[in-house]
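*Asks:* Here it is, the structure in full.
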Amino acid sequence: SLLSLRCHSQQPSDPSAILKLPAKRKLMPTVQGKAAQPKPAFTDEAVQTLLYKMTGLDLHKVFRPEKKGLKPPHYKLMTEAQLEEATRKAIEEAKTKLIMPPVLNEREPIDDVLAEDKILEGTETAKYVFTDLSYSIPHRERFIVVREPNGVLRKATWEERDRMIQIFFPKEGRRVIPPTLFKDEKLGTVFQQDRHEDVLNMCIAQFEPDSPDYIRVHHRTYEDIEKHGKYDLLRSTRHFGGMVWYLLSRKKADGLLIDMINRDLLDDATSLITLYHMLHPECQSAKKAKEQKLQGVDLIKVFVKTESQREGYIQLALQAYEEAMATSSAS
Amino acid sequence: MTSSPSTPTPSSHRAASFRLRHLCAPRAGRAAAMVQLGSRLLRGRGGHVIIRFALGGCTNRPFFRIVAANSRRARDGKYLEQLGCLDPLPNAHGEKVAGLNLERLRYWLGCGAQLSRPAEKLLGLAGFLPLHPMTVTGAERLRRRRQREQQTEAAPADGSAETDTGTGTGTAP
């Protein structure tokens, strides 16, 4: 009959919509990687190898003297073979020191109410923060709840979580209340003293990798370096990869490219362009490079013609480099 | 002095504790060689594990440790295990910080430990146990007291206002 026909038409077409189960509530929101497929993520092997190549391995900078207690220098007498062995070990150690810190998306704020007891309104003046001190749970899964004066029992925010975990399970180099150094106005003073690396090391010690403060400080540092062209400060440190990733995601690779060409680091320049093409496969130079399978200087030239903003500068730098190569090969 | 079997004399008490200590010593029991119970705890039988607050800190600065102890021990004396802490004074962020080792708490509750009333109330606030009925009763009593105070404040104010208006209307031409 007509009535039954109308009922059928009003029903949803796919049966799964009728049997829709409520979303499974997780304790912590899942941390997602840098990007979904097919865009490459920060943690991909290919990306990581390119970034490590660009970081370089200047042993003198990695093992430069840190300000520690005074000790007299220690001299050893070695044969050639022993010296090689010692250098090899030093390179291994330097590689562990250069492991890149993670690049994650900003974490979602926690907003979960466990109970609402209106009866308790007005009995207390301050809120209670309860932390689960069981030793064998990872910090991300720890229960930290807050009972507000209005009787609401809710999960603690990320800032409260970090503070409580630092109070009960203190980590070295981290303070309960973050130092004032990380405020925007104070960062400028430190950048003028060229201490970007120290700021980033302190930031890694103080904040979690997915906290908004960590991301803000890192982005401020990278912006400042890009503005003043101080790329060499981070070369051969573990922060170089993160900086390159940030600049390439925002298509600001020109300054870095010029810097590399000026320092005669053509291999690094080619890996930079390759990484750019991996990140932005839809751009013109990527397509051309793929068609013609370009290598080396030609890759850079194609990129310069199509994508860069500072064409003139890069052309000049390339010319200077080629002249230098010609004179050195001639002499 | 007549000694009835129900009232132990000092000598019989000492004999009993001596006998108990030496009876229990070879076996692993409460008076085992590792744990030397004081004579106050060894009064025959009694005493149970209780989870309560032990007060510490300084003058005008209390600090509570949530502790599993024998019920006959002093409040701040030797305990079996510390299960957490509570800072009753709010900190710079306006919060009263409390830590609870829920894993060990569950273990002791499984062993048959009792809870003191403040400990029960705190766990009720935390959400580990349901809200204690006295918390609810206390809240209701407070609300009723505040209502009564407000009413008494309002009533004399009304009364004084009425008398004022009465005299005012009287004097007005």
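The way I read the labels, and the way they are meant: chains A, B, ... in the order of the structure tokens, residue 1 as the first residue of every chain, and ligand 1 as the first ligand shown, with later ones counted on from there.
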Quick one: residues within 9 Å of region 110-125 of chain B, only C-alpha atoms, excluding same-chain residues fewer than 6 positions away - as a PyMOL selection string?

*Replies:* (chain A and resi 128+147+151+153) or (chain B and resi 48-53+66+68+100+131-135)

*Asks:* Can you spit out the residues from that selection as a compact mmCIF listing (two decimals), in the first residue's frame, using N, CA and C atoms?

*Replies:*
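The result, stored in result_32.txt:
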# COMPACT_ATOMS: atom_id res chain seq x y z
N TYR A 128 39.98 19.75 44.69
CA TYR A 128 40.88 18.64 45.02
C TYR A 128 41.41 18.03 43.74
N ARG A 147 38.12 17.29 41.63
CA ARG A 147 36.78 17.51 42.20
C ARG A 147 36.65 19.01 42.42
N GLY A 151 31.12 20.49 42.91
CA GLY A 151 30.72 19.09 42.99
C GLY A 151 30.98 18.26 41.76
N LEU A 153 33.07 16.10 39.22
CA LEU A 153 34.29 15.31 39.19
C LEU A 153 34.68 15.14 37.73
N HIS B 48 43.48 -4.62 64.03
CA HIS B 48 43.29 -4.96 62.64
C HIS B 48 43.98 -3.89 61.80
N VAL B 49 44.13 -4.18 60.54
CA VAL B 49 44.76 -3.20 59.64
C VAL B 49 43.73 -2.13 59.33
N ILE B 50 44.14 -0.88 59.41
CA ILE B 50 43.23 0.23 59.15
C ILE B 50 43.95 1.24 58.26
N ILE B 51 43.21 1.83 57.34
CA ILE B 51 43.78 2.83 56.43
C ILE B 51 43.27 4.18 56.90
N ARG B 52 44.21 5.04 57.32
CA ARG B 52 43.82 6.30 57.94
C ARG B 52 44.85 7.37 57.64
N PHE B 53 44.58 8.57 58.17
CA PHE B 53 45.51 9.69 57.97
C PHE B 53 46.48 9.76 59.14
N ILE B 66 48.42 9.13 53.92
CA ILE B 66 47.41 8.08 53.95
C ILE B 66 48.17 6.78 54.14
N ALA B 68 48.48 2.62 55.79
CA ALA B 68 47.89 1.37 56.27
C ALA B 68 48.68 0.96 57.50
N LEU B 100 47.10 9.06 45.62
CA LEU B 100 46.59 7.79 46.15
C LEU B 100 47.18 6.65 45.35
N LEU B 131 30.15 8.37 47.15
CA LEU B 131 30.16 9.49 48.10
C LEU B 131 29.69 9.03 49.47
N HIS B 132 30.41 9.45 50.52
CA HIS B 132 30.04 9.05 51.88
C HIS B 132 28.74 9.72 52.27
N PRO B 133 27.81 9.02 52.92
CA PRO B 133 26.53 9.65 53.30
C PRO B 133 26.70 10.85 54.19
N MET B 134 27.76 10.83 55.07
CA MET B 134 27.96 11.98 55.96
C MET B 134 28.41 13.20 55.17
N THR B 135 29.07 13.00 54.04
CA THR B 135 29.44 14.15 53.20
C THR B 135 28.16 14.84 52.73

*Asks:* Report the closest atom pair, with its distance in Å rounded to one decimal, for each residue of chain A that has an atom no farther than 7 Å from chain B; count only C-alpha atoms, sort by chain and then rising residue number, and write it as JSON lines.

*Replies:*
{"residue": "A:Ile119", "atom": "CA", "partner": "B:Val136", "partner_atom": "CA", "distance": 6.6}
{"residue": "A:Leu120", "atom": "CA", "partner": "B:Ala139", "partner_atom": "CA", "distance": 5.9}
{"residue": "A:Thr123", "atom": "CA", "partner": "B:Ala139", "partner_atom": "CA", "distance": 6.0}
{"residue": "A:Ala126", "atom": "CA", "partner": "B:Glu95", "partner_atom": "CA", "distance": 5.6}
{"residue": "A:Lys127", "atom": "CA", "partner": "B:Glu95", "partner_atom": "CA", "distance": 4.9}
{"residue": "A:Tyr128", "atom": "CA", "partner": "B:Lys96", "partner_atom": "CA", "distance": 4.7}
{"residue": "A:Val129", "atom": "CA", "partner": "B:Val97", "partner_atom": "CA", "distance": 5.1}
{"residue": "A:Phe130", "atom": "CA", "partner": "B:Ala98", "partner_atom": "CA", "distance": 4.9}
{"residue": "A:Thr131", "atom": "CA", "partner": "B:Gly99", "partner_atom": "CA", "distance": 4.7}
{"residue": "A:Asp132", "atom": "CA", "partner": "B:Leu100", "partner_atom": "CA", "distance": 5.2}
{"residue": "A:Leu133", "atom": "CA", "partner": "B:Asn101", "partner_atom": "CA", "distance": 4.3}
{"residue": "A:Ser134", "atom": "CA", "partner": "B:Asn101", "partner_atom": "CA", "distance": 4.9}
{"residue": "A:Arg147", "atom": "CA", "partner": "B:Leu125", "partner_atom": "CA", "distance": 6.8}

*Asks:* Residues of the last selection are to be written out with C-alpha atoms, as a PDB file, in the first residue's frame.

*Replies:*
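The result, stored in result02.pdb:
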ATOM      1  CA  ILE A 119      24.745  18.376  46.575  1.00  0.00           C
ATOM      2  CA  LEU A 120      28.387  19.225  47.281  1.00  0.00           C
ATOM      3  CA  THR A 123      30.932  22.914  50.930  1.00  0.00           C
ATOM      4  CA  ALA A 126      39.276  24.880  46.787  1.00  0.00           C
ATOM      5  CA  LYS A 127      39.354  22.041  44.283  1.00  0.00           C
ATOM      6  CA  TYR A 128      40.881  18.643  45.023  1.00  0.00           C
ATOM      7  CA  VAL A 129      43.294  17.049  42.542  1.00  0.00           C
ATOM      8  CA  PHE A 130      43.655  13.272  42.968  1.00  0.00           C
ATOM      9  CA  THR A 131      46.564  11.485  41.283  1.00  0.00           C
ATOM     10  CA  ASP A 132      46.938   7.726  40.977  1.00  0.00           C
ATOM     11  CA  LEU A 133      50.408   6.911  42.308  1.00  0.00           C
ATOM     12  CA  SER A 134      50.576   3.272  41.162  1.00  0.00           C
ATOM     13  CA  ARG A 147      36.780  17.509  42.199  1.00  0.00           C
TER      14      ARG A 147
END

*Asks:* What parts of region 105-147 of chain A does DSSP call helix (DSSP H, G or I)? I'd like the answer as an MDAnalysis selection string.

*Replies:* chainID A and resid 118:120 139:141

*Asks:* Save the residues we just selected, C-alpha atoms, as a PDB file, in the first residue's frame?

*Replies:*
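Produced file out_11.pdb, reproduced below:
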ATOM      1  CA  LYS A 118      25.233  19.099  42.851  1.00  0.00           C
ATOM      2  CA  ILE A 119      24.745  18.376  46.575  1.00  0.00           C
ATOM      3  CA  LEU A 120      28.387  19.225  47.281  1.00  0.00           C
ATOM      4  CA  HIS A 139      52.187   8.375  32.674  1.00  0.00           C
ATOM      5  CA  ARG A 140      49.838   8.771  29.709  1.00  0.00           C
ATOM      6  CA  GLU A 141      47.372   6.274  31.194  1.00  0.00           C
TER       7      GLU A 141
END

*Asks:* Skip Lys53 (chain A) itself and residues of its chain fewer than 6 positions away, then list as a list in words all residues within 9 Å of it, counting only C-alpha atoms.

*Replies:*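 Residues near the query, excluding close chain neighbours: Asp267, Asp268 and Ser271 of chain A.
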
*Asks:* Would you pick out the contacts of Arg310 (chain A) at 12 Å or less, using only C-alpha atoms, so that residues sharing its chain but fewer than 6 positions from it are not included, and give the list as a VMD selection string?

*Replies:* chain A and resid 252 to 258 303 to 304 316 to 317

*Asks:* When you count only C-alpha atoms, which of these residues is closest to Asp58 (chain A): A:Ala330, A:Ile215, A:Ala94, A:Leu266?

*Replies:* A:Ala94

*Asks:* Calculated over only C-alpha atoms, which of the candidates A:Tyr135, A:Asn262, A:Phe240, A:Lys305 has the smallest distance to Leu51 (chain A)?

*Replies:* A:Phe240

*Asks:* Could you state the separation of CA of His228 (chain A) and CA of Leu98 (chain A) in Å, given to one decimal place?

*Replies:*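 Taking CA of His228 (chain A) and CA of Leu98 (chain A), their separation equals 24.0 Å.
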
*Asks:* Grab the CA of Thr180 (chain A) to CA of Val146 (chain A) distance for me, in Å with one decimal place.

*Replies:*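 Computing it gives 26.3 Å between the two atoms.
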
*Asks:* Quick one: residues within 12 Å of Arg220 (chain A), only C-alpha atoms, excluding same-chain residues fewer than 3 positions away - as a PyMOL selection string?

*Replies:* chain A and resi 182-188+190-191+196+199-200+203+213-217+223-227+243+246-247
